[in-house]
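> Take a look at this one; I'll ask things after.
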There are 2 protein chains.
Amino acid sequence: MSNSTYDKNEMGVQNNPVVSRQVKTRLPRYYRYLKELLDAGIYRISSGKLAKMMALTASQIRQDLNYFGCFGQQGYGYNVKYLFAQISEILGVNDKLTAVIIGVGNLGRAMAQSNIFLSRGINLIALFDKSEELIGKEISGKCIYDIENLEAFMKDHHVDVAVLTLTSSQAQPMAKRLESAGVRGIWNFTNVEIPKMKSVSVMNVYMGDSLMQLCFDIRQQTSDENE
Amino acid sequence: MSNSTYDKNEMGVQNNPVVSRQVKTRLPRYYRYLKELLDAGIYRISSGKLAKMMALTASQIRQDLNYFGCFGQQGYGYNVKYLFAQISEILGVNDKLTAVIIGVGNLGRAMAQSNIFLSRGINLIALFDKSEELIGKEISGKCIYDIENLEAFMKDHHVDVAVLTLTSSQAQPMAKRLESAGVRGIWNFTNVEIPKMKSVSVMNVYMGDSLMQLCFDIRQQTSDENE
């Protein structure tokens, strides 16, 4: 971790800031927007323009970014490349985290074939399943291992993130196994809410929730039209 | 829509309430938790107990639910079955919405094979792709149509929701086509932010954002341990 700590200080990032849920939620958005700017060849941006793009206020942007030690320059704005590097650092993109996928169903397979890990600096190192038909096969160059051998694998390989794309009923027992085996984070897609654990960060994702919000919005449209 | 409007009034739900983003985000959570309670055979719950389950305050629960005309009974609490029916109604679960999936890659296929639509009262009626190899095939009983025929299909079939699981570069032009063809909502997984449209509700989903929040949490753990 020494390299990483050194970078962090060099970047001027505060150590262990207590971050509100709202700010945390906005960080990946900053990452996305800054990447878009860079891809478009834009290397300098004012907080006002960035705010407009992101539908925030300029003062909110300044507040968020100052908070992490990312300061714009009066009359110049933000250096996009530098800011992107800072946000990447804060989000741990340079930490070379490793991940495994537990459950090679449709979603697990889709994730294994996407660049969702690689594009965020995460190394997907293995897939696990219990199905005899899948064990030993490869997806996008990643081997599918027998879930029985999870603990043995994790003794030999450092695993930071486990992606849970297995059956809901197995989510909770699997989380316990992963905790015992020393995983650091669980990205959970099973629709079963896994509670926070002492030494494991958990991110529960409910794909259906955003679908329901969309349905709600559609319903509101109808009410508007009927009035 | 007349049936639906009737149900809505009978349920005592306010027409077209202006709902804050926070409340809207919580509604699908209420739906999930109430379903869990029902599945567990729990038919009555106090706002205090529901609050504890959901990590909210009792007064926040009462405020959210009162807002939609869902009142608990003093000394009795909430009737879970009735409340679930109300929330379902508010979220449009009884509206018999229809959906199509645009782009039958890994994620599109995973969605087509899941019960994410059915379990929320949505009827998935078709899939679309441009690949000759896929057109005419079926996934879970749903036919894959040529994307060229999207407009013709939408003339013959009412489509409420389009799920975008196609290549990012095609997201924006496809959204325009869907708007012209009369879609009511777009559930967008392409990582390209589709801006709000006049007559189309849009829900942009960034799967990677939650992964980055998880990485951030993992990084915070490390800082905590190092102190």
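Residues are named by chain letter and number: chains run A, B, ... in the order of the structure tokens, numbers start at 1 in each chain, and ligands are numbered from 1 in the order shown.
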With only C-alpha atoms counted and 6 Å as the cut-off, give the residues of chain B in contact with chain A, each with its shortest interatomic distance in Å and the pair that gives it, as a Markdown table.


| residue | atom | partner | partner_atom | distance |
| --- | --- | --- | --- | --- |
| B:Asn16 | CA | A:Ser223 | CA | 5.5 |
| B:Pro28 | CA | A:Asp209 | CA | 5.2 |
| B:Leu91 | CA | A:Phe216 | CA | 4.8 |
| B:Asn106 | CA | A:Ala110 | CA | 4.5 |
| B:Leu107 | CA | A:Ala110 | CA | 5.4 |
| B:Ala110 | CA | A:Asn106 | CA | 4.5 |
| B:Met203 | CA | A:Leu214 | CA | 6.0 |
| B:Asp209 | CA | A:Pro28 | CA | 5.2 |
| B:Leu214 | CA | A:Met203 | CA | 5.9 |
| B:Phe216 | CA | A:Leu91 | CA | 4.8 |
| B:Gln220 | CA | A:Asn16 | CA | 5.9 |
| B:Ser223 | CA | A:Asn16 | CA | 5.5 |

> Lay chain B over chain A using all C-alpha atoms, matched one to one in order, with a least-squares fit; then write it out as a PDB file with C-alpha atoms, in the first residue's frame.


ATOM      1  CA  MET B   1      -0.210  -0.201  -0.193  1.00  0.00           C
ATOM      2  CA  SER B   2       2.790   2.077   0.257  1.00  0.00           C
ATOM      3  CA  ASN B   3       2.764   3.275  -3.344  1.00  0.00           C
ATOM      4  CA  SER B   4      -0.884   4.024  -3.182  1.00  0.00           C
ATOM      5  CA  THR B   5      -0.536   5.994   0.041  1.00  0.00           C
ATOM      6  CA  TYR B   6       2.275   7.994  -1.475  1.00  0.00           C
ATOM      7  CA  ASP B   7       0.210   8.826  -4.551  1.00  0.00           C
ATOM      8  CA  LYS B   8      -2.657   9.824  -2.356  1.00  0.00           C
ATOM      9  CA  ASN B   9      -0.614  12.365  -0.433  1.00  0.00           C
ATOM     10  CA  GLU B  10       1.039  13.663  -3.580  1.00  0.00           C
ATOM     11  CA  MET B  11      -2.409  14.212  -5.045  1.00  0.00           C
ATOM     12  CA  GLY B  12      -3.237  16.353  -2.058  1.00  0.00           C
ATOM     13  CA  VAL B  13      -6.149  14.150  -1.114  1.00  0.00           C
ATOM     14  CA  GLN B  14      -7.226  14.208   2.510  1.00  0.00           C
ATOM     15  CA  ASN B  15      -6.758  10.931   4.307  1.00  0.00           C
ATOM     16  CA  ASN B  16      -9.939   9.200   5.314  1.00  0.00           C
ATOM     17  CA  PRO B  17     -12.390  12.063   4.952  1.00  0.00           C
ATOM     18  CA  VAL B  18     -15.844  11.319   6.308  1.00  0.00           C
ATOM     19  CA  VAL B  19     -17.868  11.579   3.150  1.00  0.00           C
ATOM     20  CA  SER B  20     -21.594  12.094   2.977  1.00  0.00           C
ATOM     21  CA  ARG B  21     -23.605   9.559   1.029  1.00  0.00           C
ATOM     22  CA  GLN B  22     -24.579  12.259  -1.479  1.00  0.00           C
ATOM     23  CA  VAL B  23     -20.990  13.232  -2.215  1.00  0.00           C
ATOM     24  CA  LYS B  24     -19.997   9.585  -2.531  1.00  0.00           C
ATOM     25  CA  THR B  25     -22.784   9.058  -5.023  1.00  0.00           C
ATOM     26  CA  ARG B  26     -21.617  12.022  -7.074  1.00  0.00           C
ATOM     27  CA  LEU B  27     -17.969  10.930  -7.312  1.00  0.00           C
ATOM     28  CA  PRO B  28     -18.506   8.278 -10.027  1.00  0.00           C
ATOM     29  CA  ARG B  29     -20.544  10.852 -11.936  1.00  0.00           C
ATOM     30  CA  TYR B  30     -17.610  13.288 -11.852  1.00  0.00           C
ATOM     31  CA  TYR B  31     -15.436  10.446 -13.074  1.00  0.00           C
ATOM     32  CA  ARG B  32     -17.755   9.772 -16.031  1.00  0.00           C
ATOM     33  CA  TYR B  33     -18.163  13.407 -17.015  1.00  0.00           C
ATOM     34  CA  LEU B  34     -14.466  14.196 -16.747  1.00  0.00           C
ATOM     35  CA  LYS B  35     -13.662  11.155 -18.877  1.00  0.00           C
ATOM     36  CA  GLU B  36     -16.154  12.380 -21.473  1.00  0.00           C
ATOM     37  CA  LEU B  37     -14.492  15.802 -21.506  1.00  0.00           C
ATOM     38  CA  LEU B  38     -11.051  14.244 -21.908  1.00  0.00           C
ATOM     39  CA  ASP B  39     -12.305  11.995 -24.713  1.00  0.00           C
ATOM     40  CA  ALA B  40     -13.686  15.111 -26.406  1.00  0.00           C
ATOM     41  CA  GLY B  41     -10.295  16.835 -26.088  1.00  0.00           C
ATOM     42  CA  ILE B  42     -11.456  19.404 -23.520  1.00  0.00           C
ATOM     43  CA  TYR B  43      -8.674  20.067 -21.015  1.00  0.00           C
ATOM     44  CA  ARG B  44      -9.965  23.052 -19.090  1.00  0.00           C
ATOM     45  CA  ILE B  45     -13.403  23.742 -17.635  1.00  0.00           C
ATOM     46  CA  SER B  46     -14.958  26.253 -15.256  1.00  0.00           C
ATOM     47  CA  SER B  47     -17.026  25.085 -12.315  1.00  0.00           C
ATOM     48  CA  GLY B  48     -19.971  26.869 -13.960  1.00  0.00           C
ATOM     49  CA  LYS B  49     -19.726  24.886 -17.189  1.00  0.00           C
ATOM     50  CA  LEU B  50     -19.153  21.594 -15.388  1.00  0.00           C
ATOM     51  CA  ALA B  51     -22.151  22.399 -13.188  1.00  0.00           C
ATOM     52  CA  LYS B  52     -24.345  23.001 -16.232  1.00  0.00           C
ATOM     53  CA  MET B  53     -23.279  19.695 -17.821  1.00  0.00           C
ATOM     54  CA  MET B  54     -23.982  17.808 -14.630  1.00  0.00           C
ATOM     55  CA  ALA B  55     -27.141  19.655 -13.591  1.00  0.00           C
ATOM     56  CA  LEU B  56     -25.571  20.782 -10.305  1.00  0.00           C
ATOM     57  CA  THR B  57     -24.765  24.270  -9.036  1.00  0.00           C
ATOM     58  CA  ALA B  58     -21.277  25.718  -9.461  1.00  0.00           C
ATOM     59  CA  SER B  59     -20.963  26.180  -5.723  1.00  0.00           C
ATOM     60  CA  GLN B  60     -21.885  22.549  -5.136  1.00  0.00           C
ATOM     61  CA  ILE B  61     -19.168  21.469  -7.569  1.00  0.00           C
ATOM     62  CA  ARG B  62     -16.589  23.691  -5.866  1.00  0.00           C
ATOM     63  CA  GLN B  63     -17.652  22.435  -2.453  1.00  0.00           C
ATOM     64  CA  ASP B  64     -17.494  18.741  -3.493  1.00  0.00           C
ATOM     65  CA  LEU B  65     -14.128  19.075  -5.163  1.00  0.00           C
ATOM     66  CA  ASN B  66     -12.497  21.355  -2.578  1.00  0.00           C
ATOM     67  CA  TYR B  67     -13.508  18.780  -0.046  1.00  0.00           C
ATOM     68  CA  PHE B  68     -11.138  16.301  -1.643  1.00  0.00           C
ATOM     69  CA  GLY B  69      -8.399  18.856  -2.074  1.00  0.00           C
ATOM     70  CA  CYS B  70      -9.199  19.427  -5.767  1.00  0.00           C
ATOM     71  CA  PHE B  71      -8.964  23.182  -6.207  1.00  0.00           C
ATOM     72  CA  GLY B  72      -9.752  25.091  -9.365  1.00  0.00           C
ATOM     73  CA  GLN B  73      -7.687  28.124 -10.315  1.00  0.00           C
ATOM     74  CA  GLN B  74      -9.270  31.582 -10.290  1.00  0.00           C
ATOM     75  CA  GLY B  75      -9.924  32.698 -13.873  1.00  0.00           C
ATOM     76  CA  TYR B  76      -8.739  29.388 -15.276  1.00  0.00           C
ATOM     77  CA  GLY B  77     -11.118  26.826 -13.844  1.00  0.00           C
ATOM     78  CA  TYR B  78     -10.207  23.190 -13.504  1.00  0.00           C
ATOM     79  CA  ASN B  79      -7.461  21.324 -15.314  1.00  0.00           C
ATOM     80  CA  VAL B  80      -9.569  18.398 -16.557  1.00  0.00           C
ATOM     81  CA  LYS B  81      -6.700  15.945 -16.894  1.00  0.00           C
ATOM     82  CA  TYR B  82      -5.398  16.673 -13.400  1.00  0.00           C
ATOM     83  CA  LEU B  83      -8.897  16.612 -11.892  1.00  0.00           C
ATOM     84  CA  PHE B  84      -9.665  13.290 -13.596  1.00  0.00           C
ATOM     85  CA  ALA B  85      -6.436  11.862 -12.164  1.00  0.00           C
ATOM     86  CA  GLN B  86      -7.397  13.098  -8.710  1.00  0.00           C
ATOM     87  CA  ILE B  87     -10.920  11.690  -8.841  1.00  0.00           C
ATOM     88  CA  SER B  88      -9.558   8.399 -10.200  1.00  0.00           C
ATOM     89  CA  GLU B  89      -7.162   8.278  -7.286  1.00  0.00           C
ATOM     90  CA  ILE B  90      -9.891   9.048  -4.748  1.00  0.00           C
ATOM     91  CA  LEU B  91     -12.065   6.305  -6.232  1.00  0.00           C
ATOM     92  CA  GLY B  92      -9.224   3.822  -6.054  1.00  0.00           C
ATOM     93  CA  VAL B  93      -8.945   3.304  -9.817  1.00  0.00           C
ATOM     94  CA  ASN B  94      -5.159   3.003  -9.377  1.00  0.00           C
ATOM     95  CA  ASP B  95      -5.377   0.522  -6.520  1.00  0.00           C
ATOM     96  CA  LYS B  96      -5.209  -2.515  -8.808  1.00  0.00           C
ATOM     97  CA  LEU B  97      -8.107  -4.228  -7.068  1.00  0.00           C
ATOM     98  CA  THR B  98      -8.976  -7.804  -8.020  1.00  0.00           C
ATOM     99  CA  ALA B  99     -12.449  -9.264  -8.488  1.00  0.00           C
ATOM    100  CA  VAL B 100     -14.185 -12.608  -8.855  1.00  0.00           C
ATOM    101  CA  ILE B 101     -17.699 -13.358 -10.075  1.00  0.00           C
ATOM    102  CA  ILE B 102     -19.767 -15.832  -8.058  1.00  0.00           C
ATOM    103  CA  GLY B 103     -22.497 -17.375 -10.188  1.00  0.00           C
ATOM    104  CA  VAL B 104     -22.110 -17.687 -13.942  1.00  0.00           C
ATOM    105  CA  GLY B 105     -25.725 -17.279 -14.984  1.00  0.00           C
ATOM    106  CA  ASN B 106     -26.779 -14.753 -17.588  1.00  0.00           C
ATOM    107  CA  LEU B 107     -25.853 -11.689 -15.578  1.00  0.00           C
ATOM    108  CA  GLY B 108     -22.546 -13.159 -14.374  1.00  0.00           C
ATOM    109  CA  ARG B 109     -21.661 -14.092 -17.925  1.00  0.00           C
ATOM    110  CA  ALA B 110     -22.639 -10.644 -19.201  1.00  0.00           C
ATOM    111  CA  MET B 111     -20.410  -9.015 -16.588  1.00  0.00           C
ATOM    112  CA  ALA B 112     -17.488 -11.328 -17.357  1.00  0.00           C
ATOM    113  CA  GLN B 113     -17.689 -10.382 -21.031  1.00  0.00           C
ATOM    114  CA  SER B 114     -18.067  -6.652 -20.474  1.00  0.00           C
ATOM    115  CA  ASN B 115     -15.261  -4.183 -19.822  1.00  0.00           C
ATOM    116  CA  ILE B 116     -16.904  -2.887 -16.652  1.00  0.00           C
ATOM    117  CA  PHE B 117     -13.990  -4.039 -14.473  1.00  0.00           C
ATOM    118  CA  LEU B 118     -11.082  -3.286 -16.773  1.00  0.00           C
ATOM    119  CA  SER B 119     -12.278   0.236 -17.533  1.00  0.00           C
ATOM    120  CA  ARG B 120     -12.147   0.985 -13.803  1.00  0.00           C
ATOM    121  CA  GLY B 121      -8.713  -0.500 -13.164  1.00  0.00           C
ATOM    122  CA  ILE B 122     -10.079  -3.725 -11.659  1.00  0.00           C
ATOM    123  CA  ASN B 123      -8.615  -7.089 -12.584  1.00  0.00           C
ATOM    124  CA  LEU B 124     -11.244  -9.829 -12.933  1.00  0.00           C
ATOM    125  CA  ILE B 125      -9.276 -12.940 -12.044  1.00  0.00           C
ATOM    126  CA  ALA B 126     -11.788 -15.789 -11.796  1.00  0.00           C
ATOM    127  CA  LEU B 127     -15.384 -16.979 -12.035  1.00  0.00           C
ATOM    128  CA  PHE B 128     -17.063 -19.497  -9.752  1.00  0.00           C
ATOM    129  CA  ASP B 129     -20.066 -21.736 -10.178  1.00  0.00           C
ATOM    130  CA  LYS B 130     -21.376 -25.033  -8.875  1.00  0.00           C
ATOM    131  CA  SER B 131     -22.520 -26.418 -12.219  1.00  0.00           C
ATOM    132  CA  GLU B 132     -20.464 -29.366 -13.499  1.00  0.00           C
ATOM    133  CA  GLU B 133     -21.211 -28.201 -17.023  1.00  0.00           C
ATOM    134  CA  LEU B 134     -19.553 -24.847 -16.451  1.00  0.00           C
ATOM    135  CA  ILE B 135     -16.590 -25.726 -14.211  1.00  0.00           C
ATOM    136  CA  GLY B 136     -13.336 -25.757 -16.173  1.00  0.00           C
ATOM    137  CA  LYS B 137     -14.711 -23.702 -19.068  1.00  0.00           C
ATOM    138  CA  GLU B 138     -13.532 -20.176 -19.847  1.00  0.00           C
ATOM    139  CA  ILE B 139     -15.355 -16.919 -20.497  1.00  0.00           C
ATOM    140  CA  SER B 140     -13.328 -14.134 -22.067  1.00  0.00           C
ATOM    141  CA  GLY B 141     -10.168 -15.893 -20.973  1.00  0.00           C
ATOM    142  CA  LYS B 142     -11.269 -16.245 -17.339  1.00  0.00           C
ATOM    143  CA  CYS B 143     -11.580 -19.746 -15.935  1.00  0.00           C
ATOM    144  CA  ILE B 144     -14.751 -20.956 -14.181  1.00  0.00           C
ATOM    145  CA  TYR B 145     -13.789 -22.699 -10.933  1.00  0.00           C
ATOM    146  CA  ASP B 146     -15.779 -24.998  -8.686  1.00  0.00           C
ATOM    147  CA  ILE B 147     -17.403 -22.927  -5.942  1.00  0.00           C
ATOM    148  CA  GLU B 148     -16.305 -25.649  -3.510  1.00  0.00           C
ATOM    149  CA  ASN B 149     -12.741 -24.440  -4.055  1.00  0.00           C
ATOM    150  CA  LEU B 150     -13.465 -20.777  -3.282  1.00  0.00           C
ATOM    151  CA  GLU B 151     -11.647 -20.745   0.065  1.00  0.00           C
ATOM    152  CA  ALA B 152      -8.611 -22.558  -1.350  1.00  0.00           C
ATOM    153  CA  PHE B 153      -8.479 -20.095  -4.258  1.00  0.00           C
ATOM    154  CA  MET B 154      -8.693 -17.128  -1.921  1.00  0.00           C
ATOM    155  CA  LYS B 155      -5.805 -18.473   0.145  1.00  0.00           C
ATOM    156  CA  ASP B 156      -3.627 -18.403  -2.942  1.00  0.00           C
ATOM    157  CA  HIS B 157      -5.022 -15.258  -4.576  1.00  0.00           C
ATOM    158  CA  HIS B 158      -5.803 -11.893  -3.080  1.00  0.00           C
ATOM    159  CA  VAL B 159      -9.461 -11.096  -3.852  1.00  0.00           C
ATOM    160  CA  ASP B 160     -10.783  -7.615  -3.130  1.00  0.00           C
ATOM    161  CA  VAL B 161     -14.253  -7.688  -4.681  1.00  0.00           C
ATOM    162  CA  ALA B 162     -16.746 -10.532  -5.054  1.00  0.00           C
ATOM    163  CA  VAL B 163     -19.614  -9.995  -7.473  1.00  0.00           C
ATOM    164  CA  LEU B 164     -22.695 -11.932  -6.379  1.00  0.00           C
ATOM    165  CA  THR B 165     -24.753 -13.021  -9.362  1.00  0.00           C
ATOM    166  CA  LEU B 166     -25.979 -16.297  -7.931  1.00  0.00           C
ATOM    167  CA  THR B 167     -29.409 -17.429  -6.733  1.00  0.00           C
ATOM    168  CA  SER B 168     -30.991 -15.216  -4.083  1.00  0.00           C
ATOM    169  CA  SER B 169     -31.320 -18.028  -1.558  1.00  0.00           C
ATOM    170  CA  GLN B 170     -27.546 -18.498  -1.586  1.00  0.00           C
ATOM    171  CA  ALA B 171     -26.660 -14.833  -1.181  1.00  0.00           C
ATOM    172  CA  GLN B 172     -26.461 -14.643   2.599  1.00  0.00           C
ATOM    173  CA  PRO B 173     -24.495 -17.871   3.221  1.00  0.00           C
ATOM    174  CA  MET B 174     -22.129 -16.937   0.393  1.00  0.00           C
ATOM    175  CA  ALA B 175     -21.548 -13.502   1.937  1.00  0.00           C
ATOM    176  CA  LYS B 176     -20.545 -15.212   5.200  1.00  0.00           C
ATOM    177  CA  ARG B 177     -18.143 -17.537   3.371  1.00  0.00           C
ATOM    178  CA  LEU B 178     -16.594 -14.602   1.539  1.00  0.00           C
ATOM    179  CA  GLU B 179     -16.229 -12.650   4.780  1.00  0.00           C
ATOM    180  CA  SER B 180     -14.431 -15.568   6.451  1.00  0.00           C
ATOM    181  CA  ALA B 181     -12.205 -15.984   3.416  1.00  0.00           C
ATOM    182  CA  GLY B 182     -11.132 -12.339   3.670  1.00  0.00           C
ATOM    183  CA  VAL B 183     -12.933 -10.539   0.831  1.00  0.00           C
ATOM    184  CA  ARG B 184     -12.971  -6.739   1.156  1.00  0.00           C
ATOM    185  CA  GLY B 185     -16.078  -5.848  -0.786  1.00  0.00           C
ATOM    186  CA  ILE B 186     -19.266  -7.486  -2.075  1.00  0.00           C
ATOM    187  CA  TRP B 187     -21.118  -6.158  -5.131  1.00  0.00           C
ATOM    188  CA  ASN B 188     -24.470  -7.834  -4.687  1.00  0.00           C
ATOM    189  CA  PHE B 189     -27.006  -8.346  -7.498  1.00  0.00           C
ATOM    190  CA  THR B 190     -29.103 -11.039  -5.848  1.00  0.00           C
ATOM    191  CA  ASN B 191     -31.999  -8.821  -4.710  1.00  0.00           C
ATOM    192  CA  VAL B 192     -31.444 -10.017  -1.146  1.00  0.00           C
ATOM    193  CA  GLU B 193     -30.195  -7.134   0.979  1.00  0.00           C
ATOM    194  CA  ILE B 194     -26.875  -8.144   2.524  1.00  0.00           C
ATOM    195  CA  PRO B 195     -26.341  -6.126   5.702  1.00  0.00           C
ATOM    196  CA  LYS B 196     -23.090  -4.262   6.322  1.00  0.00           C
ATOM    197  CA  MET B 197     -20.370  -6.432   7.777  1.00  0.00           C
ATOM    198  CA  LYS B 198     -17.581  -5.376  10.099  1.00  0.00           C
ATOM    199  CA  SER B 199     -14.706  -5.779   7.698  1.00  0.00           C
ATOM    200  CA  VAL B 200     -16.506  -6.076   4.362  1.00  0.00           C
ATOM    201  CA  SER B 201     -17.994  -3.221   2.359  1.00  0.00           C
ATOM    202  CA  VAL B 202     -21.264  -4.132   0.695  1.00  0.00           C
ATOM    203  CA  MET B 203     -22.998  -2.535  -2.271  1.00  0.00           C
ATOM    204  CA  ASN B 204     -26.482  -3.922  -2.840  1.00  0.00           C
ATOM    205  CA  VAL B 205     -27.758  -3.261  -6.354  1.00  0.00           C
ATOM    206  CA  TYR B 206     -31.456  -3.511  -7.126  1.00  0.00           C
ATOM    207  CA  MET B 207     -31.869  -3.316 -10.858  1.00  0.00           C
ATOM    208  CA  GLY B 208     -35.624  -3.550 -10.479  1.00  0.00           C
ATOM    209  CA  ASP B 209     -35.797  -0.382  -8.385  1.00  0.00           C
ATOM    210  CA  SER B 210     -34.846   1.853 -11.300  1.00  0.00           C
ATOM    211  CA  LEU B 211     -37.375   0.052 -13.494  1.00  0.00           C
ATOM    212  CA  MET B 212     -40.081   0.809 -10.940  1.00  0.00           C
ATOM    213  CA  GLN B 213     -39.044   4.456 -10.765  1.00  0.00           C
ATOM    214  CA  LEU B 214     -39.374   4.575 -14.531  1.00  0.00           C
ATOM    215  CA  CYS B 215     -42.866   3.065 -14.356  1.00  0.00           C
ATOM    216  CA  PHE B 216     -43.752   5.635 -11.713  1.00  0.00           C
ATOM    217  CA  ASP B 217     -42.545   8.446 -14.000  1.00  0.00           C
ATOM    218  CA  ILE B 218     -44.584   7.033 -16.879  1.00  0.00           C
ATOM    219  CA  ARG B 219     -47.622   6.983 -14.637  1.00  0.00           C
ATOM    220  CA  GLN B 220     -47.018  10.634 -13.673  1.00  0.00           C
ATOM    221  CA  GLN B 221     -46.890  11.543 -17.392  1.00  0.00           C
ATOM    222  CA  THR B 222     -50.332  10.035 -17.797  1.00  0.00           C
ATOM    223  CA  SER B 223     -51.693  12.032 -14.867  1.00  0.00           C
ATOM    224  CA  ASP B 224     -50.230  15.203 -16.360  1.00  0.00           C
ATOM    225  CA  GLU B 225     -51.823  14.489 -19.738  1.00  0.00           C
ATOM    226  CA  ASN B 226     -55.182  13.756 -18.193  1.00  0.00           C
ATOM    227  CA  GLU B 227     -55.363  17.099 -16.419  1.00  0.00           C
TER     228      GLU B 227
END

> Enumerate the residues of segment 64-150 of chain B with a DSSP assignment of strand (DSSP E), computed from the backbone, and present them as a list in words.

Tyr78, Asn79, Thr98, Ala99, Val100, Ile101, Ile102, Asn123, Leu124, Ile125, Ala126, Leu127, Phe128, Asp129, Glu138, Ile139, Lys142, Cys143, Ile144, Tyr145 and Asp146 of chain B
